[in-house]
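Q: protein.tsv is reproduced below (TSV, C-alpha atoms).
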```tsv
chain	number	residue	atom	x	y	z
A	29	MET	CA	0.00	0.00	0.00
A	30	GLU	CA	1.05	3.58	-0.65
A	31	ILE	CA	-0.26	6.55	1.36
A	32	VAL	CA	0.23	10.11	0.12
A	33	TRP	CA	-0.70	13.24	2.12
A	34	TYR	CA	-1.95	16.48	0.54
A	35	GLY	CA	-2.24	18.52	3.75
A	36	LEU	CA	-5.02	18.88	6.38
A	37	ASN	CA	-6.98	15.58	6.51
A	38	CYS	CA	-6.53	14.72	2.83
A	39	PHE	CA	-4.76	11.49	1.91
A	40	ARG	CA	-4.73	9.11	-1.05
A	41	LEU	CA	-4.63	5.39	-0.24
A	42	THR	CA	-3.65	3.09	-3.09
A	43	GLU	CA	-3.17	-0.67	-3.30
A	44	ARG	CA	-2.68	-2.58	-6.54
A	45	GLY	CA	-5.86	-4.24	-7.76
A	46	MET	CA	-8.07	-2.50	-5.17
A	47	ALA	CA	-10.07	0.72	-4.95
A	48	THR	CA	-8.17	3.99	-4.48
A	49	VAL	CA	-9.43	6.20	-1.64
A	50	VAL	CA	-9.11	9.97	-1.20
A	51	THR	CA	-10.07	11.32	2.23
A	52	ASP	CA	-11.45	14.78	3.14
A	53	PRO	CA	-10.61	16.82	0.01
A	54	TYR	CA	-10.39	20.53	0.86
A	55	GLY	CA	-11.44	23.68	-0.98
A	56	PRO	CA	-9.16	26.55	-2.11
A	57	GLU	CA	-10.32	28.79	0.75
A	58	VAL	CA	-7.95	26.96	3.14
A	59	GLY	CA	-4.97	28.49	1.30
A	60	LEU	CA	-3.76	25.25	-0.33
A	61	THR	CA	-4.35	23.86	-3.81
A	62	LEU	CA	-5.35	20.23	-4.01
A	63	PRO	CA	-3.66	18.72	-7.10
A	64	ARG	CA	-6.74	16.85	-8.39
A	65	PRO	CA	-5.99	13.29	-7.26
A	66	LYS	CA	-7.90	10.42	-8.88
A	67	ALA	CA	-10.05	8.13	-6.75
A	68	ASP	CA	-12.65	5.38	-6.78
A	69	ILE	CA	-13.89	6.34	-3.30
A	70	VAL	CA	-13.97	9.78	-1.63
A	71	THR	CA	-14.69	9.95	2.09
A	72	VAL	CA	-15.97	13.11	3.80
A	73	SER	CA	-15.68	13.12	7.58
A	74	ARG	CA	-17.51	16.43	8.02
A	75	ASP	CA	-19.58	18.65	5.75
A	76	VAL	CA	-17.31	21.72	5.87
A	77	PRO	CA	-15.06	23.26	3.17
A	78	GLU	CA	-11.95	21.80	4.81
A	79	CYS	CA	-13.26	18.27	4.20
A	80	ASN	CA	-15.97	18.19	1.50
A	81	HIS	CA	-14.56	19.68	-1.72
A	82	THR	CA	-15.18	16.54	-3.76
A	83	ARG	CA	-15.04	18.51	-7.03
A	84	ALA	CA	-11.25	18.66	-6.60
A	85	VAL	CA	-11.03	14.88	-7.11
A	86	ARG	CA	-11.06	13.13	-10.49
A	87	GLY	CA	-13.46	10.22	-10.82
A	88	PRO	CA	-15.68	8.47	-11.38
A	89	PHE	CA	-15.91	7.88	-7.65
A	90	ARG	CA	-18.39	7.09	-4.91
A	91	VAL	CA	-18.75	9.56	-2.03
A	92	LEU	CA	-19.06	8.13	1.50
A	93	ASP	CA	-20.17	10.72	4.06
A	94	THR	CA	-22.41	8.80	6.44
A	95	PRO	CA	-21.88	5.98	8.96
A	96	GLY	CA	-22.30	2.45	7.70
A	97	GLU	CA	-20.47	-0.58	6.32
A	98	TYR	CA	-19.37	-0.73	2.72
A	99	GLU	CA	-17.42	-2.99	0.37
A	100	ILE	CA	-16.10	-1.25	-2.73
A	101	GLY	CA	-13.36	-2.47	-5.05
A	102	GLY	CA	-12.12	-5.07	-2.59
A	103	VAL	CA	-11.89	-2.60	0.30
A	104	PHE	CA	-14.04	-3.15	3.40
A	105	ILE	CA	-14.99	0.18	4.97
A	106	THR	CA	-16.54	0.79	8.38
A	107	ALA	CA	-17.74	4.34	9.06
A	108	ILE	CA	-18.78	5.23	12.60
A	109	PRO	CA	-20.26	8.46	13.99
A	110	ALA	CA	-18.21	10.72	16.24
A	111	TYR	CA	-18.11	14.35	17.40
A	112	ALA	CA	-16.07	17.11	15.79
A	113	ASP	CA	-16.01	19.31	18.88
A	114	LYS	CA	-15.90	19.18	22.67
A	115	LYS	CA	-19.49	20.43	23.02
A	116	LYS	CA	-20.81	17.49	20.99
A	117	SER	CA	-22.66	19.97	18.78
A	118	ALA	CA	-21.07	18.93	15.45
A	119	LEU	CA	-20.95	15.45	13.99
A	120	SER	CA	-18.02	13.82	12.27
A	121	THR	CA	-17.33	10.37	10.84
A	122	ILE	CA	-14.41	8.03	11.48
A	123	PHE	CA	-13.49	5.75	8.55
A	124	HIS	CA	-11.78	2.38	8.96
A	125	PHE	CA	-10.43	0.75	5.79
A	126	ASP	CA	-9.51	-2.92	5.53
A	127	TYR	CA	-7.24	-3.66	2.56
A	128	ASP	CA	-7.13	-7.46	2.67
A	129	GLY	CA	-6.03	-7.50	6.32
A	130	LEU	CA	-4.01	-4.26	6.34
A	131	THR	CA	-6.12	-1.72	8.21
A	132	VAL	CA	-6.06	2.07	8.06
A	133	CYS	CA	-8.12	4.32	10.35
A	134	HIS	CA	-8.79	7.92	9.29
A	135	LEU	CA	-10.09	9.82	12.31
A	136	GLY	CA	-11.28	12.72	10.18
A	137	HIS	CA	-12.37	15.90	11.93
A	138	LEU	CA	-12.40	14.21	15.35
A	139	GLY	CA	-12.65	16.64	18.26
A	140	GLN	CA	-12.46	14.35	21.28
A	141	ALA	CA	-11.13	10.92	22.23
A	142	PRO	CA	-13.29	8.04	21.00
A	143	THR	CA	-15.41	6.16	23.51
A	144	GLN	CA	-14.78	2.53	24.42
A	145	PRO	CA	-17.66	1.35	22.17
A	146	GLN	CA	-16.13	3.33	19.30
A	147	VAL	CA	-12.71	1.81	19.94
A	148	GLU	CA	-14.26	-1.66	19.93
A	149	ALA	CA	-16.19	-0.90	16.73
A	150	LEU	CA	-12.97	0.09	14.97
A	151	GLY	CA	-11.14	-3.11	15.90
A	152	THR	CA	-7.53	-3.53	14.83
A	153	VAL	CA	-5.79	-0.40	13.54
A	154	ASP	CA	-2.45	-0.92	11.76
A	155	ILE	CA	-2.09	2.64	10.47
A	156	LEU	CA	-3.68	5.61	12.24
A	157	LEU	CA	-4.20	8.94	10.45
A	158	ILE	CA	-4.77	11.38	13.32
A	159	PRO	CA	-5.41	15.14	13.69
A	160	VAL	CA	-2.89	16.80	16.02
A	161	GLY	CA	-3.20	20.57	15.50
A	162	GLY	CA	-6.20	21.53	17.64
A	163	ASP	CA	-8.60	24.22	16.33
A	164	GLY	CA	-11.51	21.78	16.46
A	165	GLY	CA	-9.30	18.73	15.96
A	166	LEU	CA	-7.46	16.85	18.67
A	167	THR	CA	-4.75	18.66	20.62
A	168	PRO	CA	-1.32	16.96	20.87
A	169	ALA	CA	-2.15	15.66	24.35
A	170	GLU	CA	-5.52	14.30	23.20
A	171	ALA	CA	-3.90	12.73	20.13
A	172	SER	CA	-1.39	10.97	22.38
A	173	GLU	CA	-4.27	9.59	24.46
A	174	VAL	CA	-6.06	8.29	21.36
A	175	ILE	CA	-2.87	6.60	20.14
A	176	SER	CA	-2.65	4.80	23.50
A	177	LEU	CA	-6.27	3.67	23.14
A	178	LEU	CA	-5.96	2.32	19.59
A	179	GLU	CA	-2.36	1.01	19.76
A	180	PRO	CA	-1.58	1.30	16.03
A	181	ALA	CA	1.66	0.10	14.48
A	182	ILE	CA	2.11	3.35	12.52
A	183	VAL	CA	0.87	6.86	13.34
A	184	VAL	CA	0.67	9.52	10.62
A	185	PRO	CA	-0.17	13.01	11.94
A	186	MET	CA	-2.48	15.32	9.98
A	187	TRP	CA	-4.40	18.57	10.51
A	188	TYR	CA	-1.51	20.80	11.59
A	189	LYS	CA	0.09	24.01	10.38
A	190	ILE	CA	1.98	23.92	7.06
A	191	PRO	CA	3.10	26.79	4.77
A	192	GLY	CA	0.23	28.49	2.92
A	193	LEU	CA	-2.52	27.25	5.20
A	194	THR	CA	-4.94	29.95	6.37
A	195	LEU	CA	-6.32	27.96	9.32
A	196	SER	CA	-4.88	28.69	12.78
A	197	LEU	CA	-3.61	25.21	13.58
A	198	GLY	CA	-0.88	24.15	16.00
A	199	THR	CA	2.52	23.03	14.79
A	200	LEU	CA	3.76	19.49	14.23
A	201	ASN	CA	6.59	20.06	16.72
A	202	ARG	CA	4.12	20.33	19.61
A	203	PHE	CA	2.82	16.85	18.79
A	204	LEU	CA	6.30	15.41	18.31
A	205	LYS	CA	7.35	16.73	21.73
A	206	GLN	CA	4.23	15.18	23.26
A	207	MET	CA	5.35	11.86	21.76
A	208	GLY	CA	8.88	12.28	23.10
A	209	MET	CA	10.44	13.04	19.72
A	210	GLU	CA	12.82	15.88	18.88
A	211	LYS	CA	12.09	15.94	15.17
A	212	ALA	CA	11.13	13.70	12.28
A	213	GLU	CA	12.26	13.68	8.68
A	214	ALA	CA	9.26	13.94	6.37
A	215	ARG	CA	8.77	11.27	3.71
A	216	ASP	CA	7.18	11.83	0.30
A	217	SER	CA	4.91	8.83	0.86
A	218	LEU	CA	4.42	5.83	3.10
A	219	LYS	CA	4.79	2.43	1.48
A	220	VAL	CA	3.80	-0.41	3.76
A	221	SER	CA	2.52	-3.99	3.77
A	222	LYS	CA	1.11	-6.24	6.47
A	223	GLY	CA	4.43	-8.05	6.62
A	224	ASN	CA	6.64	-5.04	7.34
A	225	LEU	CA	4.73	-3.26	10.09
A	226	PRO	CA	6.90	-2.17	13.05
A	227	GLN	CA	6.60	-4.07	16.34
A	228	GLU	CA	6.41	-0.85	18.39
A	229	THR	CA	4.25	2.16	17.52
A	230	GLU	CA	6.14	4.40	15.09
A	231	VAL	CA	5.31	7.99	14.12
A	232	ILE	CA	5.87	8.69	10.42
A	233	VAL	CA	5.63	12.24	9.12
A	234	LEU	CA	4.65	12.83	5.50
A	235	ALA	CA	5.52	15.89	3.43
A	236	PRO	CA	2.43	17.45	1.82
A	237	LYS	CA	2.38	16.48	-1.86
A	238	GLN	CA	1.80	19.36	-4.25
A	239	GLU	CA	1.77	17.92	-7.77
```
Let me see the structure of the file written as structure tokens.
A:
Amino acid sequence: MEIVWYGLNCFRLTERGMATVVTDPYGPEVGLTLPRPKADIVTVSRDVPECNHTRAVRGPFRVLDTPGEYEIGGVFITAIPAYADKKKSALSTIFHFDYDGLTVCHLGHLGQAPTQPQVEALGTVDILLIPVGGDGGLTPAEASEVISLLEPAIVVPMWYKIPGLTLSLGTLNRFLKQMGMEKAEARDSLKVSKGNLPQETEVIVLAPKQE
């Protein structure tokens, strides 16, 4: 599997012979330009411009924006409801993708730690895509708590400040310090298989791809 990050909550998940997923495509008002990735499936965790600009994706694709269970192009997808803020006034959706036994969880616009029933509903998480920059998403401390709950093999931070972004998000360094790391060298993409997952939880930082 290859995972590419475009900034904010937007990733592209690709695996040979299976459906390609793009998560939370954003609109131009955030200050970034999404380079029109191609997808078979587009997931929208919250109906806001930071997450729902599906027109920026090339198709044909199916949009998933509500809780449920789906099987598309060999990918099993579980979508569960969550809250996007501390007041529980805004809904969000967590997406769990199963690529033939390799699992990826995209927490979307999650604003608070998942409950025990939510953790149980998600099941095994090999790769966790997690917001860390606050401003409606998880703070670094909350993100650390969620990582402890889900115990993924790989953690990929998202939803934090990068050049050009107009949103007032926290920096990646705050999260890295929370995780006991000085710094991390950003990769262009993450290539991983079920057989080469690390034994201990590893944080992998991706550089935002601007094609």
Q: Which one of A:Thr106, A:Thr61, A:Thr131, A:Thr94 sits closest to Thr194 in chain A if you count all atoms listed in the file?
A: A:Thr61
Q: Taking (-11.8, 8.6, -10.3) as a centre in this file's frame and 12 Å as the limit, can you find every polymer residue with an atom that close, using only C-alpha atoms, and give them as a short mmCIF file (atom, residue, chain, number, x, y, z; two decimals) with C-alpha atoms, in the coordinates of the input?
A:
```cif
data_model
loop_
_atom_site.label_atom_id
_atom_site.label_comp_id
_atom_site.auth_asym_id
_atom_site.auth_seq_id
_atom_site.Cartn_x
_atom_site.Cartn_y
_atom_site.Cartn_z
CA ARG A 40 -4.73 9.11 -1.05
CA ALA A 47 -10.07 0.72 -4.95
CA THR A 48 -8.17 3.99 -4.48
CA VAL A 49 -9.43 6.20 -1.64
CA VAL A 50 -9.11 9.97 -1.20
CA ARG A 64 -6.74 16.85 -8.39
CA PRO A 65 -5.99 13.29 -7.26
CA LYS A 66 -7.90 10.42 -8.88
CA ALA A 67 -10.05 8.13 -6.75
CA ASP A 68 -12.65 5.38 -6.78
CA ILE A 69 -13.89 6.34 -3.30
CA VAL A 70 -13.97 9.78 -1.63
CA THR A 82 -15.18 16.54 -3.76
CA ARG A 83 -15.04 18.51 -7.03
CA ALA A 84 -11.25 18.66 -6.60
CA VAL A 85 -11.03 14.88 -7.11
CA ARG A 86 -11.06 13.13 -10.49
CA GLY A 87 -13.46 10.22 -10.82
CA PRO A 88 -15.68 8.47 -11.38
CA PHE A 89 -15.91 7.88 -7.65
CA ARG A 90 -18.39 7.09 -4.91
CA VAL A 91 -18.75 9.56 -2.03
#
```
Q: Could you check which of A:Thr121, A:Pro109, A:Leu197, A:Leu62 is closest to His134 in chain A, using all atoms listed in the file?
A: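 Of the candidates, the smallest distance to His134 in chain A is held by A:Thr121.
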Q: List the neighbours of Asn37 in chain A out to 10 Å using all atoms listed in the file; skip same-chain residues closer than 6 positions along the sequence, and give me the result as a list in words.
A: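 Using all atoms listed in the file, the neighbours found are Val50, Thr51, Asp52, Pro53, Tyr54, Val72, Ser73, Glu78, Cys79, His134, Leu135, Gly136, His137, Leu157, Ile158, Pro159, Pro185, Met186, Trp187 and Tyr188 of chain A.
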Q: Hey, which bits of range 181-209 of chain A sit within 10 Å of range 171-174 of chain A, and for each residue what's the closest pair of atoms and how far apart in Å (one decimal), counting all atoms listed in the file, rows by chain and increasing number, as a tab-separated table?
A:
```
residue	atom	partner	partner_atom	distance
A:Pro185	CA	A:Ala171	CA	9.0
A:Phe203	CA	A:Ala171	CA	8.0
A:Leu204	CA	A:Ser172	CA	9.8
A:Gln206	CA	A:Ser172	CA	7.1
A:Met207	CA	A:Ser172	CA	6.8
```
Q: Taking (-11.6, -2.9, 11.1) as a centre in this file's frame and 6 Å as the limit, can you find every polymer residue with an atom that close, using all atoms listed in the file, and give them as a VMD selection string?
A: chain A and resid 124 126 150 to 152
Q: What is the CA of Leu130 in chain A to CA of Ser221 in chain A distance in Å?
A: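 Computing the Euclidean distance for CA of Leu130 in chain A and CA of Ser221 in chain A yields 7.0 Å.
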Q: Report, in Å with one decimal, the straight-line distance from CA of Pro95 in chain A to CA of Glu43 in chain A.
A: 23.3 Å
Q: Which residues, written as number ranges by chain, have at least one atom at most 12 Å from Gly192 in chain A, with all atoms listed in the file counted and residues fewer than 3 positions away on the same chain left out?
A: A: 35-36, 56-61, 188-189, 195-197, 236, 238
Q: Have a look at A:Ile105, A:Leu234, A:Val132, A:Ile155 and name the one nearest to Ser217 in chain A; count all atoms listed in the file.
A: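 Between A:Ile105, A:Leu234, A:Val132, A:Ile155, the residue approaching Ser217 in chain A most closely is A:Leu234.
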Q: Which residue gives the smallest distance to Gly223 in chain A among A:Leu156, A:Ile190, A:Val184, A:Met29, with all atoms listed in the file counted?
A: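 Looking at the shortest contact to Gly223 in chain A, the residue is A:Met29.
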Q: Between CA of Tyr98 in chain A and CA of Cys133 in chain A, what is the distance in Å, rounded to a tenth?
A: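 About the pair CA of Tyr98 in chain A and CA of Cys133 in chain A: they are 14.5 Å apart.
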Q: Need the shell around Met46 in chain A: protein/DNA/RNA residues with any atom at most 8 Å away, counting all atoms listed in the file. Skip same-chain ones fewer than 4 positions apart. Format as a ChimeraX atom specification?
A: /A:42,101-103,127
Q: May I have the residues within 8 Å of Arg215 in chain A as a short mmCIF file (atom, residue, chain, number, x, y, z; two decimals) with C-alpha atoms, keeping the file's coordinate frame, using only C-alpha atoms and disregarding those fewer than 3 positions away in the same chain?
A:
```cif
data_model
loop_
_atom_site.label_atom_id
_atom_site.label_comp_id
_atom_site.auth_asym_id
_atom_site.auth_seq_id
_atom_site.Cartn_x
_atom_site.Cartn_y
_atom_site.Cartn_z
CA LEU A 218 4.42 5.83 3.10
CA ILE A 232 5.87 8.69 10.42
CA VAL A 233 5.63 12.24 9.12
CA LEU A 234 4.65 12.83 5.50
CA ALA A 235 5.52 15.89 3.43
#
```
Q: Could you give me the centre and size, in Å to one decimal, of an axis-aligned box around all listed atoms of range 66-84 of chain A with 8 Å added on every side, as lines of an AutoDock Vina configuration file?
A:
```
center_x = -13.7
center_y = 14.3
center_z = -0.4
size_x = 27.7
size_y = 33.9
size_z = 32.9
```
